[in-house]
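Structure, as C-alpha cells:
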Amino acid sequence: MPFEPDATHDPNLKSWVESANDAGTDFPIQNLPYGVFCLNGEDPWDDARPGVAIGDKILDLQVCAEAGLFDGLDTEDEPILYEFGTIGLNGLMLASPERRRRVRARISELLSESCPELKDNADVRDEAIVPMDAAQMLMPAEIADYTDFYASVHHATNVGSMFRPTNPLLPNYKYVPIGYHGRASSIVVSGAEVRRPSGQTRPSDDEPPVFGPCKLLDYELEVGFFIGPGNEIGEPIGIDKAGEHLFGMCLVNDWSARDMQKWEYQPLGPFLAKSFTTTISPWVVTGDALAPFRCASYERPSGDPAPLAHLYDNDDQQAGGVDLTLEVLLSSAKMREAGMEPVSLSKGNFKNMYWTIAQMIAHHSSNGCNLQAGDLMASGTISGPERSSRGCLLELTWDGPGEPGADPVPGTQRTPIRLPTGEERKFLADGDEVIIRGWCERDGFRRIGFGECRGIVTPAV
C-alpha cells in the first residue's frame with residue numbers, strides 16, 4: 001500500500017505549539033500540510049519561502065534548514081536546502097515518496113512536545129515560528145499544467161439529465177475518466193478576487209449570440225491534487241505506481257460561466273467559460289497525512305462495467321478513496337454588512353467519486369503524456385446522491401425529475417437559494433463570497449483539515 005499510518009499519525013502526539021493541540025484546529029501535529037508564504041507584502045515573491053501549518057502558526061522550513069535542523073536528511077544528490085530554498089514546493093514534490101516521509105517524520109519530531117531541539121533554541125525558534133495572521137499565503141507551487149476531470153458520477157448524471165433526460169451519461173463515462181486541459185495561468189490562491197467574466201452567450205435559440213458579462217456565474221466544489229516526481233514522456237505510470245506520484249491535495253473552486261459554457265462547449269468542451277479563474281486553497285495536505293482516512297473506492301452499481309486492466313488495481317479498489325468531508329458556504333455583501341455568518345449551501349464527500357486519484361493519474365499518463373512535479377489536477381465537481389450534497393448552483397437549484405416543482409422541460413425549473421437577508425440566488429451575484437472547507441475525521445485518529453478556499457465575485461470590467 002502506498003500510504004499507511006505510522007508514528008506521525010499517533011492521536012496522542014502533542015506539540016509544544018499549544019494551538020496545535022486544540023480540538024477544533026485544522027492543523028494538529030498529525031497533519032503538517034505544506035504551503036508557501038511571505039512576510040513582505042510589498043514584493044512577496046522576493047520573500048517567499050516554504051512552511052508547514054501547525055495550529056495557528058507556520059513553521060518556516062527555510063530557517064530550520066539554514067539552522068541545520070535537517071542536516072541528517074542531506075544526501076549527495078538531495079541537499080535539503082534545495083528542496084526548501086526553491087520558490088514553491090516543486091523541489092520537495094520532485095523528491096521520492098520515501099524521502100518525503102523522512103522529511104515529514106523529522107518535522108513531526110521537531111514540533112513534538114518531547115523534542116527540545118527547536119523548542120529550547122530561542123533564537124531559531126522565534127524566527128522559525130510565524131503567526132499565520134502575520135503572513136501572506138502565496139501559490140504553493142509553480143504550476144505548469146492543470147487538468148480538470150469529471151469524476152463524480154452524481155454530478156455527471158445530474159448535468160446530463162438537464163440536457164439529455166433519456167440518456168444522461170455518454171457511453172464512455174463508465175470506461176474512462178473524462179477530463180480536459182485547463183488553464184494554469186489563471187489559477188489563484190484563496191482570497192484573490194474573482195472578476196466576473198465577459199463572453200459570448202446565446203440567450204435564445206432564435207437569436208444570434210451577444211457579447212457581455214456572464215449572467216449565470218457558478219462555483220464548483222472540487223478537490224485538487226499535486227503531482228510528485230512524474231514520468232518521462234512516452235513512459236506511462238502504471239496504476240499500481242500512481243500513488244507514488246501523488247504529493248498532496250488541496251481545495252479547488254473551478255468557477256464557471258454557465259451561459260458562456262452552454263454556447264461554446266460543443267464540439268470541443270470547456271474553454272473561456274472556465275479559463276478566467278480557478279481558486280485553490282494555500283495549504284497542501286500530503287498523501288501521507290491522509291493515510292488514516294483512506295477508504296474503499298466507490299462501489300459501482302450492479303451492471304456497471306469493471307475498469308479496464310490498466311485502470312484496475314486491487315489495492316486501489318480497497319483503499320483508493322479518501323473519506324474527506326467538504327462544505328460550501330456563501331456570504332453575500334448584504335450579509336457581511338449586517339455582520340451575519342456565512343450560510344452553508346451543501347455538504348458532500350470525496351469518497352463518492354466514481355474514479356480514484358490513482359485511476360486519474362494512470363489514465364492521464366496512459367498515452368505516454370509526461371506529468372511533472374507541480375502539475376495540478378482537479379476532480380471535477382463533487383456531488384453526492386442527495387440534493388443537499390450537490391456541488392454547484394447549477395445542480396443545487398435544479399428541480400430534477402420527481403422533485404417538487406419539477407418541470408417537464410429538462411433543466412428549466414429552478415428553486416432559488418434563500419439567504420438570511422431575504423435575497424435569493426439561482427446563480428452568483430457580484431459581492432458574493434464562496435467559501436469551501438474540507439476535513440477528515442475517523443475514530444482513533446486526530447481530525448485534520450484543509451483550511452479554506454475563498455473568493456469574492458467582483459463586477460465585470
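Identifiers for the C-alpha cells are assigned positionally: chains receive A, B, ... in sequence, residues are indexed from 1 per chain, and ligands are indexed from 1 in the order shown.
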
Contact check, segment 177-251 of chain A to segment 286-300 of chain A, at most 10 Å, counting only C-alpha atoms, closest pairs as a Markdown table:
```
| residue | atom | partner | partner_atom | distance |
| --- | --- | --- | --- | --- |
| A:Phe225 | CA | A:Gly287 | CA | 9.3 |
| A:Phe226 | CA | A:Thr286 | CA | 9.2 |
| A:Gly243 | CA | A:Gly287 | CA | 8.4 |
| A:Glu244 | CA | A:Gly287 | CA | 9.2 |
| A:His245 | CA | A:Gly287 | CA | 9.7 |
| A:Leu246 | CA | A:Gly287 | CA | 6.5 |
| A:Phe247 | CA | A:Thr286 | CA | 5.8 |
| A:Gly248 | CA | A:Thr286 | CA | 3.8 |
| A:Met249 | CA | A:Thr286 | CA | 6.3 |
| A:Cys250 | CA | A:Thr286 | CA | 9.0 |
```

- Item | Thr356 of chain A surroundings by only C-alpha atoms, 8 Å radius, close-in-sequence under 3 positions cut, as a PyMOL selection string | chain A and resi 297+316+320-321+353+359-360

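With only C-alpha atoms as the atoms that count, the residue of A:Pro307, A:Gly422, A:Gly368, A:Pro282 with the shortest distance to Glu232 of chain A is A:Gly368.
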
- Message: Write out as a PyMOL selection string the set of residues from segment 110-312 of chain A that DSSP, computed on the backbone, places in strand (DSSP E or B).
- Response: chain A and resi 112+129-131+136-138+146-149+179-181+187-189+194-195+198-201+210-213+217-218+221-227+230+246-253+256-257+278-280+284-286+294-295

Export of prior selection with C-alpha atoms as a PDB file, in the first residue's frame:
```pdb
ATOM      1  CA  SER A 112       6.564  17.380  19.199  1.00  0.00           C
ATOM      2  CA  ILE A 129       7.647  30.156  14.181  1.00  0.00           C
ATOM      3  CA  VAL A 130       5.469  32.728  12.406  1.00  0.00           C
ATOM      4  CA  PRO A 131       1.896  33.697  13.365  1.00  0.00           C
ATOM      5  CA  GLN A 136       0.591  36.314   3.330  1.00  0.00           C
ATOM      6  CA  MET A 137      -0.091  32.977   1.668  1.00  0.00           C
ATOM      7  CA  LEU A 138       1.137  32.521  -1.895  1.00  0.00           C
ATOM      8  CA  TYR A 146      -3.618  21.967 -14.988  1.00  0.00           C
ATOM      9  CA  THR A 147      -6.099  19.205 -15.826  1.00  0.00           C
ATOM     10  CA  ASP A 148      -9.702  19.098 -14.652  1.00  0.00           C
ATOM     11  CA  PHE A 149     -11.600  15.821 -14.514  1.00  0.00           C
ATOM     12  CA  GLY A 179     -11.099  15.364 -18.326  1.00  0.00           C
ATOM     13  CA  TYR A 180      -9.901  18.444 -20.161  1.00  0.00           C
ATOM     14  CA  HIS A 181      -6.734  20.530 -20.150  1.00  0.00           C
ATOM     15  CA  ILE A 187      -5.102  29.682 -11.059  1.00  0.00           C
ATOM     16  CA  VAL A 188      -5.107  31.945  -7.990  1.00  0.00           C
ATOM     17  CA  VAL A 189      -4.711  31.347  -4.284  1.00  0.00           C
ATOM     18  CA  VAL A 194     -12.796  36.699  -8.920  1.00  0.00           C
ATOM     19  CA  ARG A 195     -13.662  39.059 -11.751  1.00  0.00           C
ATOM     20  CA  SER A 198     -17.443  38.553 -20.235  1.00  0.00           C
ATOM     21  CA  GLY A 199     -18.022  36.422 -23.276  1.00  0.00           C
ATOM     22  CA  GLN A 200     -20.421  35.213 -25.931  1.00  0.00           C
ATOM     23  CA  THR A 201     -23.780  33.834 -24.879  1.00  0.00           C
ATOM     24  CA  VAL A 210     -24.290  38.519 -27.909  1.00  0.00           C
ATOM     25  CA  PHE A 211     -21.150  39.574 -26.043  1.00  0.00           C
ATOM     26  CA  GLY A 212     -21.303  40.832 -22.485  1.00  0.00           C
ATOM     27  CA  PRO A 213     -20.853  39.985 -18.794  1.00  0.00           C
ATOM     28  CA  LEU A 217     -21.832  32.607 -12.753  1.00  0.00           C
ATOM     29  CA  ASP A 218     -21.343  29.475 -10.670  1.00  0.00           C
ATOM     30  CA  LEU A 221     -16.742  22.325  -5.341  1.00  0.00           C
ATOM     31  CA  GLU A 222     -13.639  20.326  -6.220  1.00  0.00           C
ATOM     32  CA  VAL A 223     -10.516  18.769  -4.758  1.00  0.00           C
ATOM     33  CA  GLY A 224      -7.133  19.222  -6.385  1.00  0.00           C
ATOM     34  CA  PHE A 225      -4.091  17.005  -6.227  1.00  0.00           C
ATOM     35  CA  PHE A 226      -0.477  17.905  -6.961  1.00  0.00           C
ATOM     36  CA  ILE A 227       1.808  15.571  -8.862  1.00  0.00           C
ATOM     37  CA  GLY A 230       6.129  12.479 -12.527  1.00  0.00           C
ATOM     38  CA  LEU A 246       0.628  11.927  -5.526  1.00  0.00           C
ATOM     39  CA  PHE A 247       2.254  14.683  -3.478  1.00  0.00           C
ATOM     40  CA  GLY A 248      -0.815  16.072  -1.775  1.00  0.00           C
ATOM     41  CA  MET A 249      -4.295  17.549  -2.024  1.00  0.00           C
ATOM     42  CA  CYS A 250      -5.924  20.958  -1.759  1.00  0.00           C
ATOM     43  CA  LEU A 251      -9.375  22.522  -2.143  1.00  0.00           C
ATOM     44  CA  VAL A 252     -10.427  23.882  -5.537  1.00  0.00           C
ATOM     45  CA  ASN A 253     -13.182  26.192  -6.751  1.00  0.00           C
ATOM     46  CA  SER A 256     -17.810  28.506 -14.228  1.00  0.00           C
ATOM     47  CA  ALA A 257     -19.742  30.829 -16.526  1.00  0.00           C
ATOM     48  CA  THR A 278      -9.676  28.836 -10.669  1.00  0.00           C
ATOM     49  CA  THR A 279      -9.128  29.299  -6.916  1.00  0.00           C
ATOM     50  CA  ILE A 280      -7.141  26.879  -4.752  1.00  0.00           C
ATOM     51  CA  VAL A 284      -1.362  21.174   0.548  1.00  0.00           C
ATOM     52  CA  VAL A 285      -2.291  18.197   2.735  1.00  0.00           C
ATOM     53  CA  THR A 286       0.127  15.406   1.876  1.00  0.00           C
ATOM     54  CA  ARG A 294      -8.149   6.105   3.049  1.00  0.00           C
ATOM     55  CA  CYS A 295     -11.228   4.067   2.221  1.00  0.00           C
TER      56      CYS A 295
END
```

- Task: Rank A:Leu13, A:Leu110, A:Ala23, A:Ala144 by their smallest atom-to-atom distance to Val52 of chain A, using only C-alpha atoms, and report the top residue only.
- Result: A:Leu110

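Shortest atom-to-atom contact with Asn172 of chain A among A:Asp43, A:Ala67, A:Asp304, A:Arg418: A:Asp304, counting only C-alpha atoms.
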